[in-house]
Amino acid sequence: MTIAYWTIVIMTLYPYFFVGMVKSLKGFDHSRPRVYASTLTGWRQRAYWIQENSYEIFPAFIAAVFIAQAVAGATHQSSIDNACIFFVITRIAYALAYLKDKAMLRTTCWGLGFLSILYLFGLAARV
């Protein structure tokens, strides 16, 4: 299995770390989790938003990895792996910036991660 595929595994598990942060507060209501989430404030609210954004960007990342692997994997595997590692790093930086409420840094990290997705599509397009 390539590094690129391993990053998909990592990013599959990634949002659940933030789910755990949200649920660590006493009083979490397992029967109405979305209602509970709407009452969150501070860093727990931002952790919930990190989880949501992770689910939103994940399909684009998976598609980019699969297409890049299928089309360009034989000739550009190291570039694909590096772009995927970069994506994971930007997502970690995104989360840290979000938790610390650093909006511009968070947006920058998100944008860099999105550029790595576009790069993967670009690799496939060039082949």
# chains A, B, ... in the order shown; residues from 1 in each chain; ligands from 1
call {"tool": "residues_around", "arguments": {"residues": "A:Ile85", "least_positions_apart": "2", "cutoff": "8 Å", "atoms": "only C-alpha atoms", "output": "ChimeraX atom specification"}}
result
/A:3-4,7,81-83,87-89
call {"tool": "write_last_selection", "arguments": {"atoms": "N, CA, C and O atoms", "output": "compact mmCIF listing (two decimals), in the first residue's frame"}}
result
# COMPACT_ATOMS: atom_id res chain seq x y z
N ILE A 3 2.10 5.28 0.39
CA ILE A 3 1.94 6.31 1.41
C ILE A 3 0.64 7.08 1.16
O ILE A 3 -0.08 7.42 2.11
N ALA A 4 0.35 7.35 -0.10
CA ALA A 4 -0.88 8.08 -0.43
C ALA A 4 -2.11 7.36 0.12
O ALA A 4 -3.01 8.00 0.69
N THR A 7 -2.39 7.78 3.83
CA THR A 7 -2.93 9.09 4.26
C THR A 7 -4.45 9.09 4.20
O THR A 7 -5.08 9.79 4.99
N ASP A 81 2.70 10.92 -3.18
CA ASP A 81 2.89 10.70 -1.74
C ASP A 81 3.20 11.99 -1.01
O ASP A 81 2.64 12.27 0.05
N ASN A 82 4.07 12.82 -1.57
CA ASN A 82 4.43 14.09 -0.94
C ASN A 82 3.24 15.03 -0.83
O ASN A 82 3.06 15.70 0.18
N ALA A 83 2.42 15.09 -1.88
CA ALA A 83 1.24 15.94 -1.84
C ALA A 83 0.26 15.46 -0.77
O ALA A 83 -0.36 16.27 -0.07
N PHE A 87 -0.94 17.40 2.54
CA PHE A 87 -2.36 17.58 2.87
C PHE A 87 -2.61 17.25 4.34
O PHE A 87 -3.26 18.02 5.05
N VAL A 88 -2.08 16.13 4.82
CA VAL A 88 -2.27 15.74 6.22
C VAL A 88 -1.66 16.80 7.15
O VAL A 88 -2.29 17.19 8.15
N ILE A 89 -0.48 17.27 6.82
CA ILE A 89 0.17 18.30 7.65
C ILE A 89 -0.67 19.57 7.69
O ILE A 89 -0.85 20.17 8.75
call {"tool": "residues_around", "arguments": {"residues": "A:Lys23", "least_positions_apart": "4", "cutoff": "10 Å", "atoms": "only C-alpha atoms", "output": "PDB file with N, CA, C and O atoms, in the first residue's frame"}}
result
ATOM      1  N   PHE A  18     -11.613  14.650  16.963  1.00  0.00           N
ATOM      2  CA  PHE A  18     -12.341  15.850  17.355  1.00  0.00           C
ATOM      3  C   PHE A  18     -13.724  15.521  17.904  1.00  0.00           C
ATOM      4  O   PHE A  18     -14.222  16.220  18.789  1.00  0.00           O
ATOM      5  N   VAL A  19     -14.317  14.453  17.439  1.00  0.00           N
ATOM      6  CA  VAL A  19     -15.571  13.974  18.020  1.00  0.00           C
ATOM      7  C   VAL A  19     -15.336  13.651  19.494  1.00  0.00           C
ATOM      8  O   VAL A  19     -16.142  14.014  20.354  1.00  0.00           O
ATOM      9  N   GLY A  27     -22.258  15.701  30.326  1.00  0.00           N
ATOM     10  CA  GLY A  27     -23.586  16.068  29.881  1.00  0.00           C
ATOM     11  C   GLY A  27     -23.834  15.817  28.402  1.00  0.00           C
ATOM     12  O   GLY A  27     -24.880  16.198  27.892  1.00  0.00           O
ATOM     13  N   PHE A  28     -22.884  15.173  27.713  1.00  0.00           N
ATOM     14  CA  PHE A  28     -23.121  14.885  26.301  1.00  0.00           C
ATOM     15  C   PHE A  28     -24.351  14.015  26.172  1.00  0.00           C
ATOM     16  O   PHE A  28     -24.505  13.022  26.877  1.00  0.00           O
ATOM     17  N   ASP A  29     -25.249  14.398  25.290  1.00  0.00           N
ATOM     18  CA  ASP A  29     -26.519  13.700  25.107  1.00  0.00           C
ATOM     19  C   ASP A  29     -26.427  12.796  23.878  1.00  0.00           C
ATOM     20  O   ASP A  29     -26.524  13.264  22.751  1.00  0.00           O
ATOM     21  N   HIS A  30     -26.229  11.503  24.108  1.00  0.00           N
ATOM     22  CA  HIS A  30     -26.102  10.551  23.008  1.00  0.00           C
ATOM     23  C   HIS A  30     -27.403  10.381  22.229  1.00  0.00           C
ATOM     24  O   HIS A  30     -27.382   9.950  21.079  1.00  0.00           O
ATOM     25  N   PRO A  33     -27.362  14.202  19.750  1.00  0.00           N
ATOM     26  CA  PRO A  33     -26.025  14.794  19.619  1.00  0.00           C
ATOM     27  C   PRO A  33     -25.998  16.115  18.848  1.00  0.00           C
ATOM     28  O   PRO A  33     -25.206  16.996  19.153  1.00  0.00           O
ATOM     29  N   TYR A  36     -27.188  18.830  21.161  1.00  0.00           N
ATOM     30  CA  TYR A  36     -26.089  19.094  22.092  1.00  0.00           C
ATOM     31  C   TYR A  36     -25.009  19.935  21.418  1.00  0.00           C
ATOM     32  O   TYR A  36     -24.516  20.908  22.000  1.00  0.00           O
ATOM     33  N   ALA A  37     -24.650  19.592  20.201  1.00  0.00           N
ATOM     34  CA  ALA A  37     -23.597  20.313  19.488  1.00  0.00           C
ATOM     35  C   ALA A  37     -23.946  21.780  19.293  1.00  0.00           C
ATOM     36  O   ALA A  37     -23.069  22.639  19.302  1.00  0.00           O
ATOM     37  N   ARG A  44     -14.541  23.729  22.191  1.00  0.00           N
ATOM     38  CA  ARG A  44     -15.320  22.529  21.863  1.00  0.00           C
ATOM     39  C   ARG A  44     -16.196  22.771  20.643  1.00  0.00           C
ATOM     40  O   ARG A  44     -16.361  21.899  19.803  1.00  0.00           O
ATOM     41  N   TYR A  48     -15.884  20.800  17.054  1.00  0.00           N
ATOM     42  CA  TYR A  48     -17.017  20.252  16.306  1.00  0.00           C
ATOM     43  C   TYR A  48     -16.982  20.734  14.859  1.00  0.00           C
ATOM     44  O   TYR A  48     -17.232  19.968  13.929  1.00  0.00           O
TER      45      TYR A  48
END
call {"tool": "atom_distance", "arguments": {"atom1": "atom CA of A:Phe61", "atom2": "atom CA of A:Ala97"}}
result
20.4 Å
call {"tool": "residues_around", "arguments": {"residues": "stretch 104-112 of chain A", "least_positions_apart": "4", "cutoff": "6 Å", "atoms": "only C-alpha atoms", "output": "number ranges by chain"}}
result
A: 90, 94, 97-98
call {"tool": "atom_distance", "arguments": {"atom1": "atom CA of A:Leu118", "atom2": "atom CA of A:Phe86"}}
result
12.4 Å
call {"tool": "atom_distance", "arguments": {"atom1": "atom CA of A:Lys102", "atom2": "atom CA of A:Gly42"}}
result
12.6 Å
